[in-house]
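Asks: My questions all concern the structure below.
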Amino acid sequence: MSVTIRRARADDVDFLVELVTHADVEPYLAAIRAKGRDEILEEIARSEADPEAFGVFVIEVDGGRAGTMRFERANKRSRIADLGGLAVHPSSRGGKVSDAAARLFQRHLIEDLGFHRLQLEIYGFNERAMRHAERSGFVQEGVRRKAYWRNGKWVDGVLYGLVAEDVEDDS
């Protein structure tokens with residue numbers, strides 16, 4: 001199995017809309033996440049126009065679309081990126097697709113784009129995502145207690161961080 005990542009293109013929009021609105025995916029993504037076709041096309045255009053500050057990516061498995069993830073520069077001077085929106089289509093889950101994609105994404109952001117710190121926040125009920133973050137090298141840094149109204153109740157936001165020195169060297 002070959003896992004690769006690339007920037008999303010306009011021809012990915014139908015796949016991305018289907019993915020982020022899927023009943024097994026949507027409840028775990030940020031409530032404010034772009035889910036409509038026009039919103040996602042705007043984000044893809046932004047990703048193309050300002051690739052060092054914002055990115056929407058597609059995860060591919062053996063050349064076929066399997067998922068998505070994104071980043072946004074949070075602090076230019078300190079080289080910090082906020083990550084989010086990692087979603088793997090239920091038909092592509094298993095085989096640690098998300099773990100392989102996350103490692104590729106980390107390397108791209110740190111080695112190619114020059115970020116020093118990557119950070120993300122996960123809903124406290126999303127235990128699968130928290131296990132994935134820790135497997136992928138992120139360190140839990142804190143909890144925002146009952147910070148978000150999601151799925152009809154107040155939920156925690158669990159904060160994770162990873163710095164350039166945390167990324168394993170494959171050489």
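Chains: A, B, ... in order of the structure tokens. Residues: from 1 per chain. Ligands: from 1, in order shown.
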Please provide as a short mmCIF file (atom, residue, chain, number, x, y, z; two decimals) with C-alpha atoms, in the first residue's frame all residues within 10 Å of Val3 of chain A, with the sequence filter that same-chain residues fewer than 4 positions apart are discarded (counting only C-alpha atoms).
Replies:
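File around11.cif, as written:
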```
data_model
loop_
_atom_site.label_atom_id
_atom_site.label_comp_id
_atom_site.auth_asym_id
_atom_site.auth_seq_id
_atom_site.Cartn_x
_atom_site.Cartn_y
_atom_site.Cartn_z
CA ILE A 59 -4.51 11.79 0.97
CA GLU A 60 -4.16 9.12 -1.70
CA VAL A 61 -3.80 5.37 -1.29
CA ASP A 62 -2.36 3.60 -4.32
CA GLY A 63 -3.24 6.64 -6.41
CA GLY A 64 -6.90 6.87 -5.36
CA ARG A 65 -8.42 9.58 -3.16
CA ALA A 66 -8.73 8.39 0.43
CA LYS A 96 -2.59 3.08 9.37
CA VAL A 97 -3.37 5.31 6.38
CA SER A 98 -3.86 8.32 8.65
CA ASP A 99 -0.58 7.69 10.46
CA ALA A 100 1.42 7.48 7.22
CA ALA A 101 -0.29 10.58 5.83
CA LEU A 104 4.26 12.89 5.33
#
```
Asks: Write out as JSON, numbers by chain the residues lying within 12 Å of segment 119-123 of chain A, counting only C-alpha atoms and excluding same-chain residues fewer than 3 positions away.
Replies: {"A": [27, 28, 29, 30, 31, 69, 70, 71, 72, 73, 74, 75, 79, 80, 81, 82, 83, 84, 85, 86, 106, 109, 115, 116, 126, 127, 128, 129, 130, 131, 132, 133, 134, 137, 138, 139, 140, 141, 142, 143, 144, 145, 146, 147, 148, 149, 150, 151, 153, 154, 155, 156, 157, 158, 159, 160, 161, 162, 163, 164]}
Asks: Could you please take those selected residues and save C-alpha atoms as a PDB file, in the first residue's frame?
Replies:
```pdb
ATOM      1  CA  PRO A  27     -19.539  14.578  13.696  1.00  0.00           C
ATOM      2  CA  TYR A  28     -15.788  14.518  14.385  1.00  0.00           C
ATOM      3  CA  LEU A  29     -14.805  17.563  12.304  1.00  0.00           C
ATOM      4  CA  ALA A  30     -14.944  21.146  13.510  1.00  0.00           C
ATOM      5  CA  ALA A  31     -18.492  22.458  13.377  1.00  0.00           C
ATOM      6  CA  MET A  69      -6.164  17.267   5.936  1.00  0.00           C
ATOM      7  CA  ARG A  70      -5.300  20.923   6.186  1.00  0.00           C
ATOM      8  CA  PHE A  71      -3.088  23.533   7.785  1.00  0.00           C
ATOM      9  CA  GLU A  72      -3.113  27.258   8.384  1.00  0.00           C
ATOM     10  CA  ARG A  73      -0.231  29.427   9.497  1.00  0.00           C
ATOM     11  CA  ALA A  74      -0.953  30.612  13.039  1.00  0.00           C
ATOM     12  CA  ASN A  75       2.204  32.658  13.645  1.00  0.00           C
ATOM     13  CA  ARG A  79       6.698  29.482  12.393  1.00  0.00           C
ATOM     14  CA  ILE A  80       3.599  27.837  13.907  1.00  0.00           C
ATOM     15  CA  ALA A  81       0.958  25.985  11.901  1.00  0.00           C
ATOM     16  CA  ASP A  82      -2.494  24.923  13.063  1.00  0.00           C
ATOM     17  CA  LEU A  83      -3.465  21.522  11.669  1.00  0.00           C
ATOM     18  CA  GLY A  84      -6.928  20.118  11.335  1.00  0.00           C
ATOM     19  CA  GLY A  85      -9.555  18.419   9.293  1.00  0.00           C
ATOM     20  CA  LEU A  86      -7.833  15.040   9.070  1.00  0.00           C
ATOM     21  CA  GLN A 106       4.640  16.780   9.202  1.00  0.00           C
ATOM     22  CA  LEU A 109       5.315  21.412   6.757  1.00  0.00           C
ATOM     23  CA  PHE A 115       7.409  25.472  10.209  1.00  0.00           C
ATOM     24  CA  HIS A 116       8.909  24.859  13.632  1.00  0.00           C
ATOM     25  CA  ASN A 126     -12.810  11.653  19.619  1.00  0.00           C
ATOM     26  CA  GLU A 127     -10.675   8.976  21.238  1.00  0.00           C
ATOM     27  CA  ARG A 128      -9.604   7.498  17.893  1.00  0.00           C
ATOM     28  CA  ALA A 129      -8.170  10.866  16.775  1.00  0.00           C
ATOM     29  CA  MET A 130      -6.352  11.336  20.093  1.00  0.00           C
ATOM     30  CA  ARG A 131      -4.723   7.896  19.790  1.00  0.00           C
ATOM     31  CA  HIS A 132      -3.750   8.761  16.219  1.00  0.00           C
ATOM     32  CA  ALA A 133      -2.189  12.091  17.286  1.00  0.00           C
ATOM     33  CA  GLU A 134      -0.067  10.376  19.920  1.00  0.00           C
ATOM     34  CA  GLY A 137       4.324  12.015  17.518  1.00  0.00           C
ATOM     35  CA  PHE A 138       2.127  14.766  18.965  1.00  0.00           C
ATOM     36  CA  VAL A 139       2.278  15.502  22.699  1.00  0.00           C
ATOM     37  CA  GLN A 140      -0.863  16.347  24.628  1.00  0.00           C
ATOM     38  CA  GLU A 141      -0.386  19.851  26.019  1.00  0.00           C
ATOM     39  CA  GLY A 142      -3.686  20.653  27.661  1.00  0.00           C
ATOM     40  CA  VAL A 143      -7.447  20.639  27.652  1.00  0.00           C
ATOM     41  CA  ARG A 144      -9.950  23.405  27.039  1.00  0.00           C
ATOM     42  CA  ARG A 145     -12.729  22.230  29.321  1.00  0.00           C
ATOM     43  CA  LYS A 146     -16.221  22.267  27.831  1.00  0.00           C
ATOM     44  CA  ALA A 147     -15.070  24.731  25.201  1.00  0.00           C
ATOM     45  CA  TYR A 148     -17.262  23.730  22.265  1.00  0.00           C
ATOM     46  CA  TRP A 149     -20.959  23.119  21.688  1.00  0.00           C
ATOM     47  CA  ARG A 150     -20.927  20.026  19.465  1.00  0.00           C
ATOM     48  CA  ASN A 151     -23.479  17.307  18.810  1.00  0.00           C
ATOM     49  CA  LYS A 153     -23.584  19.185  24.320  1.00  0.00           C
ATOM     50  CA  TRP A 154     -20.510  20.985  25.649  1.00  0.00           C
ATOM     51  CA  VAL A 155     -17.291  19.113  24.863  1.00  0.00           C
ATOM     52  CA  ASP A 156     -13.621  19.525  25.704  1.00  0.00           C
ATOM     53  CA  GLY A 157     -10.954  20.483  23.195  1.00  0.00           C
ATOM     54  CA  VAL A 158      -7.732  18.520  23.716  1.00  0.00           C
ATOM     55  CA  LEU A 159      -4.597  20.401  22.621  1.00  0.00           C
ATOM     56  CA  TYR A 160      -1.592  18.709  20.999  1.00  0.00           C
ATOM     57  CA  GLY A 161       1.740  20.015  19.793  1.00  0.00           C
ATOM     58  CA  LEU A 162       4.765  18.773  17.882  1.00  0.00           C
ATOM     59  CA  VAL A 163       8.008  20.665  17.282  1.00  0.00           C
ATOM     60  CA  ALA A 164      10.569  20.110  14.543  1.00  0.00           C
TER      61      ALA A 164
END
```
Asks: Which residues are near Glu43 of chain A? Cut-off 12 Å, only C-alpha atoms, ignore same chain within fewer than 4 positions. Put them as a PyMOL selection string.
Replies: chain A and resi 7-10+12-13+16+33-39+47-51+53-57+70-72
Asks: Could the residues in this selection be written to a file with C-alpha atoms, as a compact mmCIF listing (two decimals), in the first residue's frame?
Replies:
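What follows is the written file out30.txt:
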```txt
# COMPACT_ATOMS: atom_id res chain seq x y z
CA ARG A 7 -2.56 19.74 -2.53
CA ALA A 8 -6.24 19.57 -3.34
CA ARG A 9 -7.36 20.69 -6.79
CA ALA A 10 -10.72 21.89 -8.04
CA ASP A 12 -11.26 17.00 -5.92
CA VAL A 13 -14.23 19.04 -4.71
CA LEU A 16 -14.11 16.37 -0.46
CA ARG A 33 -15.48 23.45 8.84
CA ALA A 34 -16.31 24.22 5.20
CA LYS A 35 -18.70 21.53 3.99
CA GLY A 36 -20.35 23.01 0.92
CA ARG A 37 -19.03 22.86 -2.62
CA ASP A 38 -18.51 26.63 -2.98
CA GLU A 39 -16.80 26.94 0.42
CA SER A 47 -4.45 26.93 -0.85
CA GLU A 48 -3.19 27.46 -4.39
CA ALA A 49 -2.81 31.24 -4.01
CA ASP A 50 -0.97 31.23 -0.66
CA PRO A 51 0.65 27.78 -0.32
CA ALA A 53 0.22 30.01 4.75
CA PHE A 54 -2.72 27.71 4.02
CA GLY A 55 -3.26 24.29 2.56
CA VAL A 56 -5.95 21.79 1.80
CA PHE A 57 -4.47 18.39 1.01
CA ARG A 70 -5.30 20.92 6.19
CA PHE A 71 -3.09 23.53 7.79
CA GLU A 72 -3.11 27.26 8.38
```
